[in-house]
$ cat input.cif   # mmCIF, C-alpha atoms
data_coords
loop_
_atom_site.group_PDB
_atom_site.id
_atom_site.type_symbol
_atom_site.label_atom_id
_atom_site.label_comp_id
_atom_site.auth_asym_id
_atom_site.auth_seq_id
_atom_site.Cartn_x
_atom_site.Cartn_y
_atom_site.Cartn_z
ATOM 1 C CA MET A 27 83.766 75.311 85.523
ATOM 2 C CA SER A 28 80.114 74.619 86.253
ATOM 3 C CA LYS A 29 78.410 75.766 89.430
ATOM 4 C CA THR A 30 78.215 72.143 90.574
ATOM 5 C CA ASP A 31 81.950 71.570 90.059
ATOM 6 C CA LEU A 32 82.846 74.768 91.897
ATOM 7 C CA SER A 33 80.466 73.949 94.760
ATOM 8 C CA THR A 34 82.114 70.537 95.146
ATOM 9 C CA ASP A 35 85.568 72.122 95.293
ATOM 10 C CA LEU A 36 84.374 74.766 97.745
ATOM 11 C CA ARG A 37 82.876 72.132 100.027
ATOM 12 C CA GLY A 38 86.212 70.336 100.084
ATOM 13 C CA MET A 39 88.075 73.542 100.915
ATOM 14 C CA LEU A 40 85.691 74.380 103.750
ATOM 15 C CA GLY A 41 86.144 70.956 105.341
ATOM 16 C CA LYS A 42 83.929 70.339 108.346
ATOM 17 C CA SER A 43 82.807 73.962 108.404
ATOM 18 C CA ALA A 44 80.890 73.322 105.163
ATOM 19 C CA GLY A 45 78.160 71.826 107.321
ATOM 20 C CA SER A 46 77.399 75.298 108.628
ATOM 21 C CA PHE A 47 76.115 76.179 105.169
ATOM 22 C CA ASP A 48 73.699 73.288 104.822
ATOM 23 C CA ILE A 49 70.367 74.919 105.612
ATOM 24 C CA GLU A 50 67.139 72.908 105.856
ATOM 25 C CA GLY A 51 68.506 70.140 103.686
ATOM 26 C CA ARG A 52 69.931 72.397 100.982
ATOM 27 C CA SER A 53 73.382 73.810 100.386
ATOM 28 C CA ASP A 54 74.086 77.533 100.634
ATOM 29 C CA LEU A 55 77.391 77.240 98.787
ATOM 30 C CA ASP A 56 75.972 78.767 95.589
ATOM 31 C CA ARG A 57 75.409 82.029 97.459
ATOM 32 C CA LEU A 58 79.044 82.038 98.609
ATOM 33 C CA LEU A 59 80.199 81.495 95.022
ATOM 34 C CA ASN A 60 78.001 84.333 93.772
ATOM 35 C CA THR A 61 79.370 86.579 96.514
ATOM 36 C CA ALA A 62 82.896 85.652 95.426
ATOM 37 C CA ALA A 63 82.072 86.381 91.778
ATOM 38 C CA LEU A 64 80.800 89.852 92.723
ATOM 39 C CA ALA A 65 83.962 90.550 94.712
ATOM 40 C CA LEU A 66 86.174 89.340 91.878
ATOM 41 C CA SER A 67 84.212 91.566 89.492
ATOM 42 C CA ARG A 68 85.194 94.566 91.609
ATOM 43 C CA ASP A 69 88.796 93.504 92.198
ATOM 44 C CA LYS A 70 89.732 91.988 88.832
ATOM 45 C CA PRO A 71 86.990 92.651 86.257
ATOM 46 C CA GLN A 72 87.038 91.155 82.788
ATOM 47 C CA ASN A 73 88.422 93.337 79.997
ATOM 48 C CA LEU A 74 86.279 92.793 76.910
ATOM 49 C CA SER A 75 85.494 94.449 73.598
ATOM 50 C CA ASP A 76 82.343 94.901 71.559
ATOM 51 C CA SER A 77 81.066 97.160 68.800
ATOM 52 C CA LEU A 78 78.104 99.416 68.094
ATOM 53 C CA SER A 79 76.419 100.091 64.785
ATOM 54 C CA LEU A 80 76.296 103.882 64.805
ATOM 55 C CA VAL A 81 73.338 105.930 63.704
ATOM 56 C CA ALA A 82 73.917 109.616 63.032
ATOM 57 C CA GLY A 83 72.391 111.744 65.801
ATOM 58 C CA GLN A 84 71.775 108.796 68.141
ATOM 59 C CA SER A 85 73.432 108.955 71.548
ATOM 60 C CA ASP A 86 72.242 105.825 73.378
ATOM 61 C CA TYR A 87 72.902 102.183 72.435
ATOM 62 C CA ASP A 88 72.216 98.829 74.113
ATOM 63 C CA ALA A 89 75.008 97.718 76.439
ATOM 64 C CA PRO A 90 76.339 94.160 76.992
ATOM 65 C CA ALA A 91 74.543 92.315 79.787
ATOM 66 C CA LEU A 92 77.539 92.067 82.169
ATOM 67 C CA ILE A 93 79.052 95.491 81.527
ATOM 68 C CA ILE A 94 80.476 97.430 84.468
ATOM 69 C CA LYS A 95 81.994 100.391 82.666
ATOM 70 C CA ALA A 96 82.676 101.455 79.087
ATOM 71 C CA VAL A 97 86.349 102.411 78.994
ATOM 72 C CA TYR A 98 87.716 103.438 75.623
ATOM 73 C CA SER A 99 87.266 103.532 71.856
ATOM 74 C CA ASP A 100 89.801 104.307 69.137
ATOM 75 C CA TRP A 101 87.078 104.980 66.563
ATOM 76 C CA GLY A 102 88.319 107.636 64.152
ATOM 77 C CA LYS A 103 91.547 108.131 66.067
ATOM 78 C CA THR A 104 93.764 107.135 63.121
ATOM 79 C CA ALA A 105 92.696 110.389 61.464
ATOM 80 C CA LEU A 106 94.562 112.278 64.174
ATOM 81 C CA LYS A 107 97.793 110.686 62.940
ATOM 82 C CA GLU A 108 97.077 110.775 59.214
ATOM 83 C CA ARG A 109 95.717 114.338 58.905
ATOM 84 C CA MET A 110 97.132 117.707 59.765
ATOM 85 C CA PRO A 111 95.196 120.101 62.021
ATOM 86 C CA TRP A 112 94.855 122.633 59.185
ATOM 87 C CA GLU A 113 93.502 120.085 56.712
ATOM 88 C CA LYS A 114 89.835 119.739 55.906
ATOM 89 C CA GLY A 115 88.320 116.793 57.742
ATOM 90 C CA PHE A 116 90.707 116.904 60.696
ATOM 91 C CA PRO A 117 88.586 115.695 63.648
ATOM 92 C CA LYS A 118 88.277 118.326 66.344
ATOM 93 C CA THR A 119 86.201 116.292 68.778
ATOM 94 C CA PHE A 120 85.090 112.714 69.295
ATOM 95 C CA PRO A 121 82.088 111.446 71.274
ATOM 96 C CA THR A 122 82.785 110.729 74.928
ATOM 97 C CA LEU A 123 82.063 107.121 75.882
ATOM 98 C CA ASN A 124 80.042 106.468 79.055
ATOM 99 C CA THR A 125 77.853 103.836 80.695
ATOM 100 C CA ILE A 126 74.503 105.041 82.021
ATOM 101 C CA LYS A 127 71.489 103.500 83.761
ATOM 102 C CA THR A 128 68.063 104.028 82.219
ATOM 103 C CA ALA A 129 64.544 102.757 82.890
ATOM 104 C CA THR A 130 65.158 99.997 80.337
ATOM 105 C CA GLY A 131 68.592 98.984 81.629
ATOM 106 C CA LYS A 132 72.193 100.016 81.091
ATOM 107 C CA LYS A 133 73.093 101.880 77.929
ATOM 108 C CA ILE A 134 76.237 103.032 76.164
ATOM 109 C CA ARG A 135 75.999 106.808 75.705
ATOM 110 C CA LEU A 136 78.064 108.777 73.212
ATOM 111 C CA THR A 137 78.279 112.503 73.954
ATOM 112 C CA PRO A 138 77.822 114.338 71.692
ATOM 113 C CA ALA A 139 76.031 111.951 69.355
ATOM 114 C CA PRO A 140 78.038 111.066 66.236
ATOM 115 C CA THR A 141 77.235 113.287 63.284
ATOM 116 C CA ALA A 142 76.322 112.103 59.801
ATOM 117 C CA ALA A 143 79.640 113.445 58.521
ATOM 118 C CA GLN A 144 81.579 111.464 61.150
ATOM 119 C CA VAL A 145 79.717 108.231 60.395
ATOM 120 C CA VAL A 146 80.476 108.644 56.683
ATOM 121 C CA ASP A 147 84.109 109.557 57.375
ATOM 122 C CA PHE A 148 85.022 107.013 60.078
ATOM 123 C CA GLY A 149 82.431 104.297 59.458
ATOM 124 C CA SER A 150 79.423 103.067 61.400
ATOM 125 C CA ASP A 151 81.292 100.235 63.172
ATOM 126 C CA TYR A 152 82.196 101.661 66.584
ATOM 127 C CA ALA A 153 84.527 99.258 68.386
ATOM 128 C CA TYR A 154 85.029 99.877 72.107
ATOM 129 C CA TYR A 155 86.471 98.281 75.231
ATOM 130 C CA TYR A 156 84.742 97.745 78.559
ATOM 131 C CA THR A 157 85.038 96.010 81.912
ATOM 132 C CA ALA A 158 82.529 93.304 82.813
ATOM 133 C CA SER A 159 81.396 91.326 85.830
ATOM 134 C CA TYR A 160 81.611 87.555 86.153
ATOM 135 C CA LYS A 161 78.841 84.982 85.928
ATOM 136 C CA ILE A 162 78.814 81.438 87.294
ATOM 137 C CA GLY A 163 76.592 79.233 85.184
ATOM 138 C CA SER A 164 74.936 75.883 85.744
ATOM 139 C CA LYS A 165 76.867 74.728 82.674
ATOM 140 C CA ALA A 166 80.626 75.192 82.395
ATOM 141 C CA ILE A 167 80.253 77.023 79.081
ATOM 142 C CA ASP A 168 78.120 79.692 80.795
ATOM 143 C CA THR A 169 80.731 80.512 83.446
ATOM 144 C CA THR A 170 82.750 83.585 82.486
ATOM 145 C CA VAL A 171 85.497 83.235 85.113
ATOM 146 C CA ASP A 172 88.716 82.179 83.422
ATOM 147 C CA GLU A 173 90.143 78.817 84.408
ATOM 148 C CA SER A 174 93.332 80.565 85.525
ATOM 149 C CA ASP A 175 91.287 82.439 88.168
ATOM 150 C CA ARG A 176 89.552 79.348 89.556
ATOM 151 C CA ASP A 177 91.686 79.248 92.712
ATOM 152 C CA LEU A 178 91.174 82.972 93.222
ATOM 153 C CA LEU A 179 87.399 82.627 92.977
ATOM 154 C CA LEU A 180 87.279 79.687 95.368
ATOM 155 C CA LEU A 181 89.565 81.413 97.849
ATOM 156 C CA ARG A 182 87.285 84.446 97.827
ATOM 157 C CA ALA A 183 84.304 82.155 98.443
ATOM 158 C CA VAL A 184 86.064 80.655 101.481
ATOM 159 C CA ILE A 185 86.672 84.196 102.757
ATOM 160 C CA ALA A 186 82.962 84.941 102.371
ATOM 161 C CA ALA A 187 82.190 81.781 104.342
ATOM 162 C CA MET A 188 84.543 82.738 107.176
ATOM 163 C CA GLN A 189 83.100 86.270 107.255
ATOM 164 C CA ASP A 190 79.612 84.790 107.552
ATOM 165 C CA LEU A 191 80.671 82.595 110.433
ATOM 166 C CA ALA A 192 82.419 85.503 112.138
ATOM 167 C CA ALA A 193 79.310 87.682 111.734
ATOM 168 C CA SER A 194 77.224 84.985 113.396
ATOM 169 C CA HIS A 195 79.437 85.402 116.474
ATOM 170 C CA ALA A 196 81.129 82.043 116.024
ATOM 171 C CA SER A 197 84.247 82.072 118.168
ATOM 172 C CA VAL A 198 84.917 78.334 118.235
ATOM 173 C CA PRO A 199 87.890 77.433 116.001
ATOM 174 C CA VAL A 200 86.967 75.925 112.664
ATOM 175 C CA SER A 201 89.022 73.635 110.458
ATOM 176 C CA LEU A 202 89.414 74.091 106.707
ATOM 177 C CA GLY A 203 89.993 71.290 104.245
ATOM 178 C CA LYS A 204 92.399 70.769 101.381
ATOM 179 C CA GLY A 205 93.057 73.428 98.777
ATOM 180 C CA VAL A 206 93.715 76.329 101.129
ATOM 181 C CA VAL A 207 97.417 77.049 101.006
ATOM 182 C CA SER A 208 99.989 79.247 102.714
ATOM 183 C CA MET A 209 98.149 79.509 106.003
ATOM 184 C CA ALA A 210 97.134 77.664 109.127
ATOM 185 C CA LYS A 211 94.138 75.404 108.528
ATOM 186 C CA THR A 212 92.596 76.018 111.939
ATOM 187 C CA GLY A 213 91.542 79.202 113.729
ATOM 188 C CA THR A 214 88.556 81.359 114.564
ATOM 189 C CA PRO A 215 86.544 82.480 111.516
ATOM 190 C CA ALA A 216 87.574 86.124 111.897
ATOM 191 C CA VAL A 217 91.277 85.269 112.080
ATOM 192 C CA LEU A 218 91.038 82.913 109.125
ATOM 193 C CA ALA A 219 89.101 85.484 107.082
ATOM 194 C CA ALA A 220 91.766 88.140 107.668
ATOM 195 C CA SER A 221 94.610 85.757 106.809
ATOM 196 C CA LEU A 222 92.859 84.490 103.697
ATOM 197 C CA LEU A 223 92.014 88.009 102.553
ATOM 198 C CA ALA A 224 95.684 88.976 102.677
ATOM 199 C CA GLN A 225 96.480 85.883 100.594
ATOM 200 C CA TYR A 226 93.717 86.739 98.102
ATOM 201 C CA GLU A 227 94.925 90.325 97.690
ATOM 202 C CA ALA A 228 98.466 89.091 97.076
ATOM 203 C CA MET A 229 97.175 86.845 94.267
ATOM 204 C CA LEU A 230 95.308 89.607 92.405
#
$ encode --input "input.cif" --output "structure tokens"
Amino acid sequence: MSKTDLSTDLRGMLGKSAGSFDIEGRSDLDRLLNTAALALSRDKPQNLSDSLSLVAGQSDYDAPALIIKAVYSDWGKTALKERMPWEKGFPKTFPTLNTIKTATGKKIRLTPAPTAAQVVDFGSDYAYYYTASYKIGSKAIDTTVDESDRDLLLLRAVIAAMQDLAASHASVPVSLGKGVVSMAKTGTPAVLAASLLAQYEAML
């Protein structure tokens, strides 16, 4: 799903109203797609995993580029099942996993920092899970939206288009093209946006 392919599909879905987004000889559809990707990132973020190479006493580590929030790690947790609380080496606490913003970008912060004893005991490979935003790339391979969510992304882009038209005080009915299902194809932008939003939320 390249940006060009998605823009072509979006233009078809917008029908004649797509002309409203041709500004000074250039298309503004990419902005609508980026708006849709941001909305989808909030409503249905990616669930991904990664790992850190732990250093004893170090709290902050580089975060993935598209990370929204670090969620969970099961590092060392098997010891809770395999060891008894009265046994030596039973883990009393584990670092808390958080995402923070710093002057050099987002970081993964472990609080408290892993100790040397923990790194030796549980290993330096710290696997964790996180949510991530979506990216629409010029090349299909660079787009992170799953193919199964293509219709959802495009529908959200149409909603953004109708909201733009409604905000510009357009009250004249507009007509949408093919690819928009389960609703009337003609109406004022505000009415269409509300109807489409209900459809989008039902698909999440």
$ resolve_selection --input "input.cif" --expression "the PyMOL selection byres ((chain A and resi 92) around 8)" --output "number ranges by chain"
A: 90-91, 93-94, 158-160
$ atom_distance --input "input.cif" --atom1 "CA of Asp100 in chain A" --atom2 "CA of Thr128 in chain A"
25.4 Å
$ atom_distance --input "input.cif" --atom1 "CA of Pro215 in chain A" --atom2 "CA of Met188 in chain A"
4.8 Å
$ atom_distance --input "input.cif" --atom1 "CA of Val97 in chain A" --atom2 "CA of Leu64 in chain A"
19.4 Å
$ closest_residue --input "input.cif" --among "A:Arg176, A:Lys132, A:Lys165, A:Arg182" --to "Ala96 in chain A" --atoms "all atoms listed in the file"
A:Lys132
$ resolve_selection --input "input.cif" --expression "the PyMOL selection byres ((chain A and resi 213) around 6)" --output "number ranges by chain"
A: 199-200, 212, 214, 218
$ residues_near_point --input "input.cif" --point "(75.6, 106.0, 80.4)" --cutoff "9 Å" --atoms "only C-alpha atoms" --output "list in words"
Asp86, Lys95, Ala96, Leu123, Asn124, Thr125, Ile126, Lys127, Thr128, Lys132, Lys133, Ile134, Arg135 and Leu136 of chain A
$ closest_atom_pairs --input "input.cif" --of "range 95-191 of chain A" --to "range 52-60 of chain A" --cutoff "10 Å" --atoms "all atoms listed in the file" --output "Markdown table"
| residue | atom | partner | partner_atom | distance |
| --- | --- | --- | --- | --- |
| A:Tyr160 | CA | A:Asn60 | CA | 9.0 |
| A:Lys161 | CA | A:Asn60 | CA | 7.9 |
| A:Ile162 | CA | A:Asn60 | CA | 7.1 |
| A:Leu179 | CA | A:Leu59 | CA | 7.6 |
| A:Leu180 | CA | A:Leu59 | CA | 7.3 |
| A:Leu181 | CA | A:Leu59 | CA | 9.8 |
| A:Arg182 | CA | A:Leu59 | CA | 8.2 |
| A:Ala183 | CA | A:Leu58 | CA | 5.3 |
| A:Val184 | CA | A:Leu58 | CA | 7.7 |
| A:Ile185 | CA | A:Leu58 | CA | 8.9 |
| A:Ala186 | CA | A:Leu58 | CA | 6.2 |
| A:Ala187 | CA | A:Leu58 | CA | 6.5 |
| A:Asp190 | CA | A:Leu58 | CA | 9.4 |
$ closest_residue --input "input.cif" --among "A:Phe47, A:Tyr226, A:Tyr87, A:Phe148" --to "Thr104 in chain A" --atoms "all atoms listed in the file"
A:Phe148
$ closest_residue --input "input.cif" --among "A:Gly102, A:Ala82, A:Asp88, A:Leu32" --to "Ala142 in chain A" --atoms "only C-alpha atoms"
A:Ala82
$ resolve_selection --input "input.cif" --expression "the PyMOL selection byres ((chain A and resi 106) around 12)" --output "MDAnalysis selection string"
chainID A and resid 100:105 107:113 115:120 148
$ closest_residue --input "input.cif" --among "A:Leu202, A:Ala62, A:Ala166, A:Leu80" --to "Val146 in chain A" --atoms "only C-alpha atoms"
A:Leu80
$ axis_aligned_box --input "input.cif" --around "range 50-66 of chain A" --padding-each-side "3 Å" --output "lines of an AutoDock Vina configuration file"
center_x = 76.7
center_y = 80.3
center_z = 98.8
size_x = 25.0
size_y = 26.4
size_z = 20.1
$ decode --input "input.cif" --residues "range 83-105 of chain A" --atoms "N, CA, C and O atoms" --output "PDB file, in the first residue's frame"
ATOM      1  N   GLY A  83      22.572  -0.746  36.077  1.00  0.00           N
ATOM      2  CA  GLY A  83      22.583   0.632  36.542  1.00  0.00           C
ATOM      3  C   GLY A  83      22.091   1.660  35.542  1.00  0.00           C
ATOM      4  O   GLY A  83      21.969   2.836  35.868  1.00  0.00           O
ATOM      5  N   GLN A  84      21.783   1.243  34.325  1.00  0.00           N
ATOM      6  CA  GLN A  84      21.299   2.174  33.299  1.00  0.00           C
ATOM      7  C   GLN A  84      19.785   2.138  33.213  1.00  0.00           C
ATOM      8  O   GLN A  84      19.185   1.073  33.046  1.00  0.00           O
ATOM      9  N   SER A  85      19.171   3.309  33.304  1.00  0.00           N
ATOM     10  CA  SER A  85      17.708   3.393  33.300  1.00  0.00           C
ATOM     11  C   SER A  85      17.115   3.650  31.918  1.00  0.00           C
ATOM     12  O   SER A  85      16.063   3.120  31.575  1.00  0.00           O
ATOM     13  N   ASP A  86      17.774   4.505  31.115  1.00  0.00           N
ATOM     14  CA  ASP A  86      17.188   4.954  29.857  1.00  0.00           C
ATOM     15  C   ASP A  86      17.807   4.265  28.635  1.00  0.00           C
ATOM     16  O   ASP A  86      19.037   4.102  28.565  1.00  0.00           O
ATOM     17  N   TYR A  87      16.924   3.907  27.681  1.00  0.00           N
ATOM     18  CA  TYR A  87      17.346   3.211  26.461  1.00  0.00           C
ATOM     19  C   TYR A  87      16.607   3.818  25.272  1.00  0.00           C
ATOM     20  O   TYR A  87      15.485   4.321  25.405  1.00  0.00           O
ATOM     21  N   ASP A  88      17.217   3.747  24.090  1.00  0.00           N
ATOM     22  CA  ASP A  88      16.578   4.275  22.882  1.00  0.00           C
ATOM     23  C   ASP A  88      15.272   3.539  22.609  1.00  0.00           C
ATOM     24  O   ASP A  88      15.187   2.313  22.759  1.00  0.00           O
ATOM     25  N   ALA A  89      14.266   4.300  22.193  1.00  0.00           N
ATOM     26  CA  ALA A  89      12.947   3.731  21.903  1.00  0.00           C
ATOM     27  C   ALA A  89      12.744   3.605  20.395  1.00  0.00           C
ATOM     28  O   ALA A  89      13.342   4.344  19.612  1.00  0.00           O
ATOM     29  N   PRO A  90      11.892   2.681  19.946  1.00  0.00           N
ATOM     30  CA  PRO A  90      11.568   2.566  18.515  1.00  0.00           C
ATOM     31  C   PRO A  90      10.971   3.874  17.996  1.00  0.00           C
ATOM     32  O   PRO A  90      10.297   4.604  18.733  1.00  0.00           O
ATOM     33  N   ALA A  91      11.189   4.153  16.737  1.00  0.00           N
ATOM     34  CA  ALA A  91      10.800   5.440  16.151  1.00  0.00           C
ATOM     35  C   ALA A  91       9.302   5.731  16.262  1.00  0.00           C
ATOM     36  O   ALA A  91       8.896   6.863  16.514  1.00  0.00           O
ATOM     37  N   LEU A  92       8.448   4.718  16.084  1.00  0.00           N
ATOM     38  CA  LEU A  92       6.999   4.940  16.043  1.00  0.00           C
ATOM     39  C   LEU A  92       6.294   4.615  17.349  1.00  0.00           C
ATOM     40  O   LEU A  92       5.064   4.549  17.400  1.00  0.00           O
ATOM     41  N   ILE A  93       7.044   4.450  18.423  1.00  0.00           N
ATOM     42  CA  ILE A  93       6.450   4.024  19.688  1.00  0.00           C
ATOM     43  C   ILE A  93       5.451   5.053  20.218  1.00  0.00           C
ATOM     44  O   ILE A  93       5.661   6.258  20.111  1.00  0.00           O
ATOM     45  N   ILE A  94       4.344   4.564  20.742  1.00  0.00           N
ATOM     46  CA  ILE A  94       3.381   5.391  21.463  1.00  0.00           C
ATOM     47  C   ILE A  94       3.557   5.177  22.964  1.00  0.00           C
ATOM     48  O   ILE A  94       3.735   6.115  23.724  1.00  0.00           O
ATOM     49  N   LYS A  95       3.558   3.901  23.358  1.00  0.00           N
ATOM     50  CA  LYS A  95       3.650   3.590  24.781  1.00  0.00           C
ATOM     51  C   LYS A  95       4.259   2.213  24.983  1.00  0.00           C
ATOM     52  O   LYS A  95       3.866   1.251  24.318  1.00  0.00           O
ATOM     53  N   ALA A  96       5.221   2.127  25.901  1.00  0.00           N
ATOM     54  CA  ALA A  96       5.745   0.821  26.314  1.00  0.00           C
ATOM     55  C   ALA A  96       4.724   0.202  27.256  1.00  0.00           C
ATOM     56  O   ALA A  96       4.232   0.860  28.173  1.00  0.00           O
ATOM     57  N   VAL A  97       4.385  -1.059  27.038  1.00  0.00           N
ATOM     58  CA  VAL A  97       3.256  -1.656  27.755  1.00  0.00           C
ATOM     59  C   VAL A  97       3.671  -2.679  28.803  1.00  0.00           C
ATOM     60  O   VAL A  97       3.258  -2.595  29.969  1.00  0.00           O
ATOM     61  N   TYR A  98       4.515  -3.636  28.414  1.00  0.00           N
ATOM     62  CA  TYR A  98       4.722  -4.769  29.320  1.00  0.00           C
ATOM     63  C   TYR A  98       5.997  -5.511  28.958  1.00  0.00           C
ATOM     64  O   TYR A  98       6.423  -5.533  27.808  1.00  0.00           O
ATOM     65  N   SER A  99       6.609  -6.120  29.983  1.00  0.00           N
ATOM     66  CA  SER A  99       7.730  -7.040  29.768  1.00  0.00           C
ATOM     67  C   SER A  99       7.589  -8.200  30.742  1.00  0.00           C
ATOM     68  O   SER A  99       7.171  -8.018  31.891  1.00  0.00           O
ATOM     69  N   ASP A 100       7.938  -9.408  30.278  1.00  0.00           N
ATOM     70  CA  ASP A 100       7.910 -10.565  31.169  1.00  0.00           C
ATOM     71  C   ASP A 100       9.329 -10.989  31.550  1.00  0.00           C
ATOM     72  O   ASP A 100       9.553 -12.108  31.991  1.00  0.00           O
ATOM     73  N   TRP A 101      10.270 -10.054  31.395  1.00  0.00           N
ATOM     74  CA  TRP A 101      11.663 -10.316  31.753  1.00  0.00           C
ATOM     75  C   TRP A 101      11.779 -10.730  33.220  1.00  0.00           C
ATOM     76  O   TRP A 101      11.309 -10.030  34.118  1.00  0.00           O
ATOM     77  N   GLY A 102      12.352 -11.905  33.443  1.00  0.00           N
ATOM     78  CA  GLY A 102      12.557 -12.396  34.799  1.00  0.00           C
ATOM     79  C   GLY A 102      11.330 -12.960  35.485  1.00  0.00           C
ATOM     80  O   GLY A 102      11.421 -13.502  36.592  1.00  0.00           O
ATOM     81  N   LYS A 103      10.181 -12.863  34.832  1.00  0.00           N
ATOM     82  CA  LYS A 103       8.938 -13.254  35.506  1.00  0.00           C
ATOM     83  C   LYS A 103       8.827 -14.768  35.730  1.00  0.00           C
ATOM     84  O   LYS A 103       8.080 -15.210  36.614  1.00  0.00           O
ATOM     85  N   THR A 104       9.548 -15.567  34.939  1.00  0.00           N
ATOM     86  CA  THR A 104       9.477 -17.017  35.145  1.00  0.00           C
ATOM     87  C   THR A 104      10.018 -17.408  36.520  1.00  0.00           C
ATOM     88  O   THR A 104       9.618 -18.432  37.077  1.00  0.00           O
ATOM     89  N   ALA A 105      10.905 -16.567  37.060  1.00  0.00           N
ATOM     90  CA  ALA A 105      11.456 -16.852  38.390  1.00  0.00           C
ATOM     91  C   ALA A 105      10.382 -16.812  39.461  1.00  0.00           C
ATOM     92  O   ALA A 105      10.489 -17.490  40.498  1.00  0.00           O
TER      93      ALA A 105
END
